[in-house]
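Notes follow once the structure below has been shown.
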Amino acid sequence: MATNLKGRSFLTLMDYTPGEIRYLIDLAKKLKADRAAGKYGDSLRGRNILLLFDKTSSRTRSSFEVGATQEGGAVTFLDRSSSQFGKKESLEDSAKVFGRIYDAIEYRGYKQSVVEALAEHSGVPVYNGLTDVDHPTQILADIMTIEERTDKPLSDVKVVFCGDTRNNMTYAWMYGCAKMGMKFVAYGPKELAPDPAVTERASAVAAETGAVIEFSQDAASLAGADVIYSDIWASMGEEDQIPERVRLLTPYKVTMELLAQTGNPDVLFLHCLPAFHDFETELAKQQMELDYDIREVTDEVFRSKHSVVFDEAENRMHTIKALMVATIGRQ
Ligand code: CP
Ligand code: NVA
């Protein structure tokens, strides 16, 4: 039966079958090829998408805006400072209003329960643009990028995530690898161990798909990795925890030595971005003055032949466009 995602929300990869995830990634590859050939569709003509942000964003917001516009759609950006959202009316009331006006809603913020409530009360597809515990659109772009760079089937691909192994990226990866039958190692300190409930949910899916999901402090688990993945050590909203994170995570910083420990000369380096890899940002400089080196990856790795972070960033747009076309597009 042909895959049909019309009217579906995208709150977590756990709600999607492996076939549906495959469909979205393949559609993104097609839309990318179309764009390279100068072809743009109009499948979102007449569609209006609300972009609601409680946290900041560059890639995700840009991807929704450009992706929608290239397919003939239109977007509205709202945050708390410029709207009544979260201030003068309940979440339920806001969701009902947005559902009357928009064809879909993207939300980025803190609690997963907010995207769930928006979906429940708006009656239109809701896309999770990142919460404290998930970042599903990022994984679509990441898997697409990996597939562009390897001939291996996903079932043979091993991803090692280095760093804060209880953050949204780790959990999104656990779900993505579980669904797609991949091998995943969360490589980080026991103080930042993944929530057992998340590991349990991912492992239950892994048992069906043949995926392997592990948490390890042992550098031996880097062996045979196809992908080393990193993310900032203190996620949005956790900046006060930087000193503690630097203490815990410095041994997990991605360096050329760490890449060598994979034993794979072609190992790929991926990062959702933004990344601290140099001292060009104010935050990195300020922390360095306080003696905290917050770089989760060295500049050498970030700029090396292993790094595909800008392909990955571009693929955010193609995958997010595919998600909108698949769920609210005309065809
Ligand atoms: N990777 C990602 O979600 O980037 P932004 O925070 O810039 O959207
Ligand atoms: N873990 C990061 C991801 C940014 C895309 C954060 O939540 O800030």
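So you can find residues: chains in the structure tokens are A, B, ... in the order shown, residues in each start at 1, and ligands are numbered from 1 in order.
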Got a sec to check which residues lie within 7 Å of ligand 2, using only C-alpha atoms and all ligand atoms, and send them as an MDAnalysis selection string?
chainID A and resid 132 167:169 231:232 234:236 272:274
How would the residues just picked look written out with C-alpha atoms as a JSON list (two decimals), in the first residue's frame?
```json
[["chain", "number", "residue", "atom", "x", "y", "z"],
["A", 132, "ASP", "CA", 13.89, 19.13, 25.85],
["A", 167, "ASN", "CA", 19.71, 15.34, 25.95],
["A", 168, "ASN", "CA", 17.18, 15.71, 23.13],
["A", 169, "MET", "CA", 19.65, 14.70, 20.38],
["A", 231, "ASP", "CA", 26.17, 18.23, 20.20],
["A", 232, "ILE", "CA", 26.76, 21.16, 22.54],
["A", 234, "ALA", "CA", 24.73, 22.44, 27.68],
["A", 235, "SER", "CA", 21.48, 22.57, 25.73],
["A", 236, "MET", "CA", 19.31, 25.67, 25.43],
["A", 272, "CYS", "CA", 23.28, 19.12, 14.56],
["A", 273, "LEU", "CA", 24.83, 22.61, 15.01],
["A", 274, "PRO", "CA", 25.27, 25.19, 16.39]]
```
Contact residues around stretch 135-141 of chain A with only C-alpha atoms at 6 Å, ignoring same-chain residues under 6 positions, as a PyMOL selection string:
chain A and resi 12-13+168+172+315-316+319
Can you work out which residues are within 6 Å of ligand 1, considering only C-alpha atoms and all ligand atoms, and then hand them over as number ranges by chain?
A: 57-61, 272-273
Find the spatial neighbours of A:Val227, counting only C-alpha atoms, within a cut-off of 10 Å - ignore same-chain residues fewer than 4 positions away - and output them as an mmCIF file with C-alpha atoms, in the first residue's frame.
```
data_model
loop_
_atom_site.group_PDB
_atom_site.id
_atom_site.type_symbol
_atom_site.label_atom_id
_atom_site.label_comp_id
_atom_site.auth_asym_id
_atom_site.auth_seq_id
_atom_site.Cartn_x
_atom_site.Cartn_y
_atom_site.Cartn_z
ATOM 1 C CA ILE A 146 24.713 9.491 6.153
ATOM 2 C CA VAL A 157 25.713 1.647 10.112
ATOM 3 C CA LYS A 158 27.031 2.332 13.616
ATOM 4 C CA VAL A 159 26.528 5.785 15.138
ATOM 5 C CA VAL A 160 28.349 6.841 18.315
ATOM 6 C CA PHE A 161 26.983 9.947 20.024
ATOM 7 C CA PHE A 184 23.750 3.228 18.330
ATOM 8 C CA LEU A 222 34.104 3.675 19.434
ATOM 9 C CA LEU A 259 38.182 9.628 15.523
ATOM 10 C CA THR A 262 37.102 4.163 15.615
ATOM 11 C CA ASN A 264 37.674 3.693 10.429
ATOM 12 C CA ASP A 266 36.450 7.133 6.486
ATOM 13 C CA VAL A 267 34.502 7.818 9.669
ATOM 14 C CA LEU A 268 32.026 10.686 9.286
ATOM 15 C CA PHE A 269 31.633 13.526 11.768
ATOM 16 C CA LEU A 270 28.111 14.903 12.170
ATOM 17 C CA HIS A 306 35.440 13.694 7.998
ATOM 18 C CA SER A 307 33.044 16.543 8.710
#
```
**Prompt:** Which is closer to A:Gly19 than all the others in A:Arg100, A:Arg108, A:Arg149, A:Lys179, using only C-alpha atoms?
**Reply:**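 Closest to A:Gly19 of all the choices is A:Lys179.
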One residue among A:Met288, A:Ala74, A:Leu248, A:Ala33 is nearest to A:Ala193 when using only C-alpha atoms, and that residue is A:Leu248
*Could you work out how far atom CA of A:Glu239 lies from atom CA of A:Asp134, giving the answer in Å with one decimal?*
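Here the two named atoms are 18.5 Å from each other.
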*Excluding same-chain residues fewer than 5 positions from stretch 16-18 of chain A, what lies within 12 Å of it counting only C-alpha atoms, as a PyMOL selection string?*
chain A and resi 3-5+8-11+23-25+136+140+154-155+175-182+205-206+208-209+211
Exercise. List every residue of stretch 126-224 of chain A that DSSP, applied to the backbone of this structure, places in strand (DSSP E), and write the result as an NGL selection string.
Key: :A and (126-128 or 158-162 or 183-187 or 212-216)
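Comparing the minimum interatomic distances between A:Met256 and each of A:Asp299, A:Glu200, A:Asp240, A:Glu92, counting only C-alpha atoms, we find that A:Asp299 sits nearest.
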